[in-house]
Amino acid sequence: MGRLVGLGLLLMAVAVAVVTIPELRSELAGDGTEGTLTVSSCETHTRTHYGTHRRTTQLEFSCTGNWAAQGGKASYQDVVVKTSARFEAGAKIPVVQADDTFELPEDRAPGKDAAILALCLSLVAFGIFCLLTGFGARNGPALSDSWQRLPATRVTGPVLGGVFALGALAALVCALAL
């Protein structure tokens with residue numbers, strides 16, 4: 001059963017990476033058409049988060065308007081863009097069109113996608129550990145027993161532990177710094 005957990009972790013990491021890599025490549029390459037949105041209206045939405053001790057309400061804005069590419073190559077009407085602030089009618093804001101979606105340039109930061117890929121690296125390392133040792137099964141071996149059951153423990157253990165730690169640390173750095 002622990003080996004199935006490992007296989008599941010590997011498959012999940014691969015599936016998430018396959019979806020995330022094209023988006024990250026697009027963001028890093030700067031793909032997309034830059035343009036300007038002329039705001040016709042903005043709506044305010046509230047989203048409530050319930051925590052263990054309190055609840056918080058987050059304001060979200062979506063602005064609608066006409067978008068025109070720089071250089072006049074293309075234009076679209078009634079484009080909706082999620083924004084972090086409310087804009088007055090007639091305001092002009094920079095918006096990037098990428099893959100039939102419209103986003104603010106600051107929302108295309110690659111940090112979150114890079115963090116997801118780094119987390120996939122940790123999932124791969126942990127999935128391989130579970131595949132090799134059977135760790136993760138109900139009433140299965142404990143972590144310390146599984147660690148001792150690794151083949152070529154002196155090599156495999158540090159490699160898997162290092163890859164897991166590197167992935168977790170890289171995910172943390174990417175999520176907070178980029």
# chains A, B, ... in the order shown; residues from 1 in each chain; ligands from 1
>>> select_by_dssp(residues="range 91-155 of chain A", states="strand (DSSP E or B)", output="ChimeraX atom specification")
/A:92-98,101-103
>>> write_last_selection(atoms="C-alpha atoms", output="PDB file, in the first residue's frame")
ATOM      1  CA  LYS A  92      -6.209  53.628 -18.756  1.00  0.00           C
ATOM      2  CA  ILE A  93      -4.351  50.712 -17.202  1.00  0.00           C
ATOM      3  CA  PRO A  94      -1.680  48.412 -18.719  1.00  0.00           C
ATOM      4  CA  VAL A  95      -2.968  44.896 -19.388  1.00  0.00           C
ATOM      5  CA  VAL A  96      -1.283  41.888 -21.027  1.00  0.00           C
ATOM      6  CA  GLN A  97      -3.178  39.442 -23.224  1.00  0.00           C
ATOM      7  CA  ALA A  98      -1.823  35.902 -23.046  1.00  0.00           C
ATOM      8  CA  THR A 101      -6.852  35.836 -20.967  1.00  0.00           C
ATOM      9  CA  PHE A 102      -6.183  39.374 -19.849  1.00  0.00           C
ATOM     10  CA  GLU A 103      -4.038  40.083 -16.787  1.00  0.00           C
TER      11      GLU A 103
END
>>> residues_around(residues="Tyr76 in chain A", least_positions_apart="6", cutoff="10 Å", atoms="only C-alpha atoms", output="list in words")
Leu37, Gly65, Asn66, Trp67, Ala68 and Ala69 of chain A
>>> closest_atom_pairs(of="range 48-158 of chain A", to="range 7-20 of chain A", cutoff="12 Å", atoms="only C-alpha atoms", output="Markdown table")
| residue | atom | partner | partner_atom | distance |
| --- | --- | --- | --- | --- |
| A:Pro110 | CA | A:Thr20 | CA | 10.4 |
| A:Gly111 | CA | A:Thr20 | CA | 11.7 |
| A:Lys112 | CA | A:Thr20 | CA | 9.8 |
| A:Asp113 | CA | A:Thr20 | CA | 6.3 |
| A:Ala114 | CA | A:Thr20 | CA | 8.4 |
| A:Ala115 | CA | A:Thr20 | CA | 10.1 |
| A:Ile116 | CA | A:Thr20 | CA | 7.5 |
| A:Leu117 | CA | A:Ala17 | CA | 6.0 |
| A:Ala118 | CA | A:Ala17 | CA | 9.4 |
| A:Leu119 | CA | A:Ala13 | CA | 8.3 |
| A:Cys120 | CA | A:Ala13 | CA | 4.9 |
| A:Leu121 | CA | A:Ala13 | CA | 7.5 |
| A:Ser122 | CA | A:Ala13 | CA | 8.8 |
| A:Leu123 | CA | A:Ala13 | CA | 6.0 |
| A:Val124 | CA | A:Leu10 | CA | 5.3 |
| A:Ala125 | CA | A:Leu10 | CA | 8.5 |
| A:Phe126 | CA | A:Leu9 | CA | 7.6 |
| A:Gly127 | CA | A:Leu9 | CA | 5.1 |
| A:Ile128 | CA | A:Leu10 | CA | 7.4 |
| A:Phe129 | CA | A:Leu7 | CA | 10.1 |
| A:Cys130 | CA | A:Leu7 | CA | 7.9 |
| A:Leu131 | CA | A:Leu7 | CA | 6.5 |
| A:Leu132 | CA | A:Leu7 | CA | 10.3 |
| A:Thr133 | CA | A:Leu7 | CA | 12.0 |
| A:Gly134 | CA | A:Leu7 | CA | 10.4 |
| A:Phe135 | CA | A:Leu7 | CA | 11.5 |
| A:Gly136 | CA | A:Leu9 | CA | 10.8 |
>>> write_last_selection(atoms="N, CA and C atoms", output="mmCIF file, in the first residue's frame")
data_model
loop_
_atom_site.group_PDB
_atom_site.id
_atom_site.type_symbol
_atom_site.label_atom_id
_atom_site.label_comp_id
_atom_site.auth_asym_id
_atom_site.auth_seq_id
_atom_site.Cartn_x
_atom_site.Cartn_y
_atom_site.Cartn_z
ATOM 1 N N PRO A 110 6.466 35.042 -12.177
ATOM 2 C CA PRO A 110 6.686 33.598 -12.231
ATOM 3 C C PRO A 110 6.905 32.936 -10.871
ATOM 4 N N GLY A 111 6.900 33.695 -9.791
ATOM 5 C CA GLY A 111 7.231 33.136 -8.483
ATOM 6 C C GLY A 111 6.349 31.993 -8.035
ATOM 7 N N LYS A 112 5.043 32.133 -8.206
ATOM 8 C CA LYS A 112 4.140 31.076 -7.741
ATOM 9 C C LYS A 112 4.296 29.806 -8.569
ATOM 10 N N ASP A 113 4.439 29.957 -9.882
ATOM 11 C CA ASP A 113 4.625 28.771 -10.711
ATOM 12 C C ASP A 113 5.953 28.094 -10.423
ATOM 13 N N ALA A 114 6.997 28.874 -10.189
ATOM 14 C CA ALA A 114 8.296 28.295 -9.837
ATOM 15 C C ALA A 114 8.201 27.573 -8.492
ATOM 16 N N ALA A 115 7.451 28.132 -7.550
ATOM 17 C CA ALA A 115 7.270 27.483 -6.251
ATOM 18 C C ALA A 115 6.519 26.162 -6.401
ATOM 19 N N ILE A 116 5.539 26.129 -7.282
ATOM 20 C CA ILE A 116 4.787 24.890 -7.517
ATOM 21 C C ILE A 116 5.704 23.817 -8.100
ATOM 22 N N LEU A 117 6.554 24.202 -9.051
ATOM 23 C CA LEU A 117 7.488 23.227 -9.626
ATOM 24 C C LEU A 117 8.494 22.734 -8.591
ATOM 25 N N ALA A 118 8.977 23.628 -7.739
ATOM 26 C CA ALA A 118 9.905 23.214 -6.691
ATOM 27 C C ALA A 118 9.218 22.256 -5.721
ATOM 28 N N LEU A 119 7.968 22.511 -5.427
ATOM 29 C CA LEU A 119 7.217 21.606 -4.551
ATOM 30 C C LEU A 119 7.031 20.246 -5.229
ATOM 31 N N CYS A 120 6.866 20.244 -6.550
ATOM 32 C CA CYS A 120 6.789 18.979 -7.295
ATOM 33 C C CYS A 120 8.083 18.179 -7.143
ATOM 34 N N LEU A 121 9.209 18.867 -7.099
ATOM 35 C CA LEU A 121 10.490 18.195 -6.893
ATOM 36 C C LEU A 121 10.510 17.474 -5.541
ATOM 37 N N SER A 122 9.993 18.136 -4.518
ATOM 38 C CA SER A 122 9.907 17.490 -3.197
ATOM 39 C C SER A 122 8.951 16.307 -3.234
ATOM 40 N N LEU A 123 7.837 16.448 -3.943
ATOM 41 C CA LEU A 123 6.886 15.333 -4.053
ATOM 42 C C LEU A 123 7.517 14.139 -4.770
ATOM 43 N N VAL A 124 8.315 14.404 -5.785
ATOM 44 C CA VAL A 124 8.995 13.315 -6.500
ATOM 45 C C VAL A 124 9.950 12.586 -5.555
ATOM 46 N N ALA A 125 10.720 13.342 -4.788
ATOM 47 C CA ALA A 125 11.655 12.709 -3.852
ATOM 48 C C ALA A 125 10.911 11.875 -2.811
ATOM 49 N N PHE A 126 9.837 12.410 -2.266
ATOM 50 C CA PHE A 126 9.076 11.661 -1.260
ATOM 51 C C PHE A 126 8.362 10.468 -1.891
ATOM 52 N N GLY A 127 7.868 10.628 -3.127
ATOM 53 C CA GLY A 127 7.227 9.515 -3.826
ATOM 54 C C GLY A 127 8.201 8.379 -4.077
ATOM 55 N N ILE A 128 9.428 8.714 -4.476
ATOM 56 C CA ILE A 128 10.448 7.684 -4.685
ATOM 57 C C ILE A 128 10.779 6.991 -3.372
ATOM 58 N N PHE A 129 10.867 7.759 -2.295
ATOM 59 C CA PHE A 129 11.120 7.173 -0.975
ATOM 60 C C PHE A 129 10.021 6.164 -0.630
ATOM 61 N N CYS A 130 8.756 6.547 -0.859
ATOM 62 C CA CYS A 130 7.641 5.642 -0.558
ATOM 63 C C CYS A 130 7.666 4.409 -1.463
ATOM 64 N N LEU A 131 8.015 4.601 -2.723
ATOM 65 C CA LEU A 131 8.114 3.454 -3.634
ATOM 66 C C LEU A 131 9.206 2.478 -3.198
ATOM 67 N N LEU A 132 10.334 3.002 -2.776
ATOM 68 C CA LEU A 132 11.459 2.146 -2.403
ATOM 69 C C LEU A 132 11.253 1.430 -1.079
ATOM 70 N N THR A 133 10.549 2.047 -0.145
ATOM 71 C CA THR A 133 10.476 1.495 1.214
ATOM 72 C C THR A 133 9.095 1.007 1.628
ATOM 73 N N GLY A 134 8.056 1.399 0.928
ATOM 74 C CA GLY A 134 6.701 1.036 1.345
ATOM 75 C C GLY A 134 6.162 1.941 2.432
ATOM 76 N N PHE A 135 6.852 3.047 2.702
ATOM 77 C CA PHE A 135 6.402 3.980 3.725
ATOM 78 C C PHE A 135 5.082 4.611 3.279
ATOM 79 N N GLY A 136 4.189 4.820 4.222
ATOM 80 C CA GLY A 136 2.920 5.465 3.939
ATOM 81 C C GLY A 136 1.731 4.529 4.043
#
>>> residues_around(residues="Lys82 in chain A", least_positions_apart="2", cutoff="7 Å", atoms="only C-alpha atoms", output="PDB file with N, CA and C atoms, in the first residue's frame")
ATOM      1  N   PHE A  61     -11.591  43.295  -6.988  1.00  0.00           N
ATOM      2  CA  PHE A  61     -12.166  44.179  -7.983  1.00  0.00           C
ATOM      3  C   PHE A  61     -12.027  43.545  -9.359  1.00  0.00           C
ATOM      4  N   SER A  62     -13.016  43.769 -10.195  1.00  0.00           N
ATOM      5  CA  SER A  62     -12.913  43.380 -11.601  1.00  0.00           C
ATOM      6  C   SER A  62     -13.393  44.564 -12.428  1.00  0.00           C
ATOM      7  N   CYS A  63     -12.550  44.951 -13.374  1.00  0.00           N
ATOM      8  CA  CYS A  63     -12.853  46.100 -14.228  1.00  0.00           C
ATOM      9  C   CYS A  63     -13.133  45.623 -15.640  1.00  0.00           C
ATOM     10  N   VAL A  80     -12.805  41.760 -19.292  1.00  0.00           N
ATOM     11  CA  VAL A  80     -12.862  41.793 -17.825  1.00  0.00           C
ATOM     12  C   VAL A  80     -11.489  41.426 -17.274  1.00  0.00           C
TER      13      VAL A  80
END
>>> atom_distance(atom1="CA of Ala29 in chain A", atom2="CA of Lys73 in chain A")
20.3 Å
>>> atom_distance(atom1="CA of His49 in chain A", atom2="CA of Ala109 in chain A")
24.3 Å
>>> select_by_dssp(residues="range 14-134 of chain A", states="alpha helix (DSSP H)", output="PyMOL selection string")
chain A and resi 14-29+111-133
>>> write_last_selection(atoms="N, CA, C and O atoms", output="compact mmCIF listing (two decimals), in the first residue's frame")
# COMPACT_ATOMS: atom_id res chain seq x y z
N VAL A 14 3.97 14.76 -11.46
CA VAL A 14 4.14 14.86 -12.90
C VAL A 14 2.97 15.61 -13.53
O VAL A 14 3.16 16.48 -14.39
N ALA A 15 1.74 15.31 -13.10
CA ALA A 15 0.56 15.98 -13.66
C ALA A 15 0.60 17.47 -13.38
O ALA A 15 0.32 18.29 -14.27
N VAL A 16 0.93 17.85 -12.16
CA VAL A 16 1.00 19.27 -11.80
C VAL A 16 2.12 19.96 -12.58
O VAL A 16 1.94 21.08 -13.08
N ALA A 17 3.25 19.30 -12.73
CA ALA A 17 4.37 19.89 -13.47
C ALA A 17 4.03 20.08 -14.94
O ALA A 17 4.37 21.10 -15.54
N VAL A 18 3.33 19.11 -15.52
CA VAL A 18 2.94 19.21 -16.93
C VAL A 18 2.03 20.41 -17.16
O VAL A 18 2.12 21.09 -18.18
N VAL A 19 1.17 20.70 -16.21
CA VAL A 19 0.27 21.84 -16.34
C VAL A 19 1.00 23.15 -16.06
O VAL A 19 0.74 24.17 -16.70
N THR A 20 1.94 23.16 -15.13
CA THR A 20 2.60 24.38 -14.69
C THR A 20 3.73 24.83 -15.61
O THR A 20 3.93 26.03 -15.79
N ILE A 21 4.44 23.91 -16.22
CA ILE A 21 5.61 24.27 -17.03
C ILE A 21 5.27 25.21 -18.19
O ILE A 21 5.96 26.21 -18.38
N PRO A 22 4.23 24.95 -18.99
CA PRO A 22 3.94 25.89 -20.08
C PRO A 22 3.61 27.30 -19.59
O PRO A 22 4.03 28.29 -20.20
N GLU A 23 2.89 27.40 -18.49
CA GLU A 23 2.56 28.72 -17.93
C GLU A 23 3.83 29.44 -17.47
O GLU A 23 4.01 30.63 -17.72
N LEU A 24 4.72 28.72 -16.81
CA LEU A 24 5.97 29.31 -16.34
C LEU A 24 6.84 29.75 -17.52
O LEU A 24 7.41 30.84 -17.51
N ARG A 25 6.92 28.92 -18.55
CA ARG A 25 7.70 29.28 -19.74
C ARG A 25 7.13 30.54 -20.39
O ARG A 25 7.88 31.41 -20.83
N SER A 26 5.82 30.64 -20.45
CA SER A 26 5.17 31.82 -21.03
C SER A 26 5.50 33.07 -20.22
O SER A 26 5.79 34.13 -20.78
N GLU A 27 5.46 32.96 -18.91
CA GLU A 27 5.74 34.11 -18.05
C GLU A 27 7.20 34.52 -18.13
O GLU A 27 7.53 35.70 -18.18
N LEU A 28 8.12 33.55 -18.15
CA LEU A 28 9.53 33.86 -18.20
C LEU A 28 9.94 34.43 -19.56
O LEU A 28 10.82 35.28 -19.65
N ALA A 29 9.31 33.95 -20.61
CA ALA A 29 9.65 34.43 -21.95
C ALA A 29 9.01 35.78 -22.24
O ALA A 29 9.33 36.43 -23.22
N GLY A 111 6.90 33.70 -9.79
CA GLY A 111 7.23 33.14 -8.48
C GLY A 111 6.35 31.99 -8.04
O GLY A 111 6.83 30.97 -7.55
N LYS A 112 5.04 32.13 -8.21
CA LYS A 112 4.14 31.08 -7.74
C LYS A 112 4.30 29.81 -8.57
O LYS A 112 4.28 28.70 -8.03
N ASP A 113 4.44 29.96 -9.88
CA ASP A 113 4.63 28.77 -10.71
C ASP A 113 5.95 28.09 -10.42
O ASP A 113 6.04 26.87 -10.41
N ALA A 114 7.00 28.87 -10.19
CA ALA A 114 8.30 28.29 -9.84
C ALA A 114 8.20 27.57 -8.49
O ALA A 114 8.80 26.50 -8.31
N ALA A 115 7.45 28.13 -7.55
CA ALA A 115 7.27 27.48 -6.25
C ALA A 115 6.52 26.16 -6.40
O ALA A 115 6.85 25.17 -5.74
N ILE A 116 5.54 26.13 -7.28
CA ILE A 116 4.79 24.89 -7.52
C ILE A 116 5.70 23.82 -8.10
O ILE A 116 5.67 22.65 -7.69
N LEU A 117 6.55 24.20 -9.05
CA LEU A 117 7.49 23.23 -9.63
C LEU A 117 8.49 22.73 -8.59
O LEU A 117 8.85 21.55 -8.57
N ALA A 118 8.98 23.63 -7.74
CA ALA A 118 9.90 23.21 -6.69
C ALA A 118 9.22 22.26 -5.72
O ALA A 118 9.83 21.28 -5.25
N LEU A 119 7.97 22.51 -5.43
CA LEU A 119 7.22 21.61 -4.55
C LEU A 119 7.03 20.25 -5.23
O LEU A 119 7.07 19.21 -4.56
N CYS A 120 6.87 20.24 -6.55
CA CYS A 120 6.79 18.98 -7.30
C CYS A 120 8.08 18.18 -7.14
O CYS A 120 8.05 16.96 -7.07
N LEU A 121 9.21 18.87 -7.10
CA LEU A 121 10.49 18.19 -6.89
C LEU A 121 10.51 17.47 -5.54
O LEU A 121 10.96 16.32 -5.44
N SER A 122 9.99 18.14 -4.52
CA SER A 122 9.91 17.49 -3.20
C SER A 122 8.95 16.31 -3.23
O SER A 122 9.22 15.26 -2.62
N LEU A 123 7.84 16.45 -3.94
CA LEU A 123 6.89 15.33 -4.05
C LEU A 123 7.52 14.14 -4.77
O LEU A 123 7.27 12.99 -4.39
N VAL A 124 8.32 14.40 -5.79
CA VAL A 124 9.00 13.31 -6.50
C VAL A 124 9.95 12.59 -5.56
O VAL A 124 9.97 11.35 -5.51
N ALA A 125 10.72 13.34 -4.79
CA ALA A 125 11.65 12.71 -3.85
C ALA A 125 10.91 11.88 -2.81
O ALA A 125 11.30 10.73 -2.52
N PHE A 126 9.84 12.41 -2.27
CA PHE A 126 9.08 11.66 -1.26
C PHE A 126 8.36 10.47 -1.89
O PHE A 126 8.28 9.39 -1.29
N GLY A 127 7.87 10.63 -3.13
CA GLY A 127 7.23 9.52 -3.83
C GLY A 127 8.20 8.38 -4.08
O GLY A 127 7.86 7.20 -3.91
N ILE A 128 9.43 8.71 -4.48
CA ILE A 128 10.45 7.68 -4.68
C ILE A 128 10.78 6.99 -3.37
O ILE A 128 10.93 5.76 -3.32
N PHE A 129 10.87 7.76 -2.30
CA PHE A 129 11.12 7.17 -0.97
C PHE A 129 10.02 6.16 -0.63
O PHE A 129 10.31 5.05 -0.17
N CYS A 130 8.76 6.55 -0.86
CA CYS A 130 7.64 5.64 -0.56
C CYS A 130 7.67 4.41 -1.46
O CYS A 130 7.37 3.30 -1.01
N LEU A 131 8.02 4.60 -2.72
CA LEU A 131 8.11 3.45 -3.63
C LEU A 131 9.21 2.48 -3.20
O LEU A 131 9.03 1.26 -3.26
N LEU A 132 10.33 3.00 -2.78
CA LEU A 132 11.46 2.15 -2.40
C LEU A 132 11.25 1.43 -1.08
O LEU A 132 11.75 0.31 -0.88
N THR A 133 10.55 2.05 -0.14
CA THR A 133 10.48 1.50 1.21
C THR A 133 9.09 1.01 1.63
O THR A 133 8.97 0.29 2.62
>>> closest_residue(among="A:Ala89, A:Leu178, A:Leu160, A:Ala168", to="Trp147 in chain A", atoms="only C-alpha atoms")
A:Leu160
>>> closest_residue(among="A:Gln58, A:His45, A:Leu169, A:Gly35", to="Gly71 in chain A", atoms="only C-alpha atoms")
A:Gly35
>>> residues_around(residues="Thr56 in chain A", least_positions_apart="6", cutoff="12 Å", atoms="only C-alpha atoms", output="list in words")
Thr46, Arg47, Thr48, His49 and Tyr50 of chain A
>>> write_last_selection(atoms="N, CA, C and O atoms", output="PDB file, in the first residue's frame")
ATOM      1  N   THR A  46     -16.655  40.835  -2.539  1.00  0.00           N
ATOM      2  CA  THR A  46     -16.062  40.489  -1.249  1.00  0.00           C
ATOM      3  C   THR A  46     -15.944  38.975  -1.156  1.00  0.00           C
ATOM      4  O   THR A  46     -16.804  38.240  -1.631  1.00  0.00           O
ATOM      5  N   ARG A  47     -14.854  38.544  -0.556  1.00  0.00           N
ATOM      6  CA  ARG A  47     -14.613  37.126  -0.331  1.00  0.00           C
ATOM      7  C   ARG A  47     -14.298  36.946   1.134  1.00  0.00           C
ATOM      8  O   ARG A  47     -13.391  37.587   1.657  1.00  0.00           O
ATOM      9  N   THR A  48     -15.025  36.094   1.797  1.00  0.00           N
ATOM     10  CA  THR A  48     -14.853  35.883   3.229  1.00  0.00           C
ATOM     11  C   THR A  48     -14.070  34.603   3.474  1.00  0.00           C
ATOM     12  O   THR A  48     -14.363  33.565   2.899  1.00  0.00           O
ATOM     13  N   HIS A  49     -13.055  34.720   4.322  1.00  0.00           N
ATOM     14  CA  HIS A  49     -12.244  33.570   4.731  1.00  0.00           C
ATOM     15  C   HIS A  49     -12.546  33.295   6.201  1.00  0.00           C
ATOM     16  O   HIS A  49     -12.465  34.191   7.025  1.00  0.00           O
ATOM     17  N   TYR A  50     -12.889  32.059   6.509  1.00  0.00           N
ATOM     18  CA  TYR A  50     -13.176  31.687   7.886  1.00  0.00           C
ATOM     19  C   TYR A  50     -11.977  30.944   8.461  1.00  0.00           C
ATOM     20  O   TYR A  50     -11.581  29.902   7.947  1.00  0.00           O
TER      21      TYR A  50
END
>>> closest_residue(among="A:His53, A:Arg138, A:Arg108, A:Arg86", to="Arg3 in chain A", atoms="only C-alpha atoms")
A:Arg138
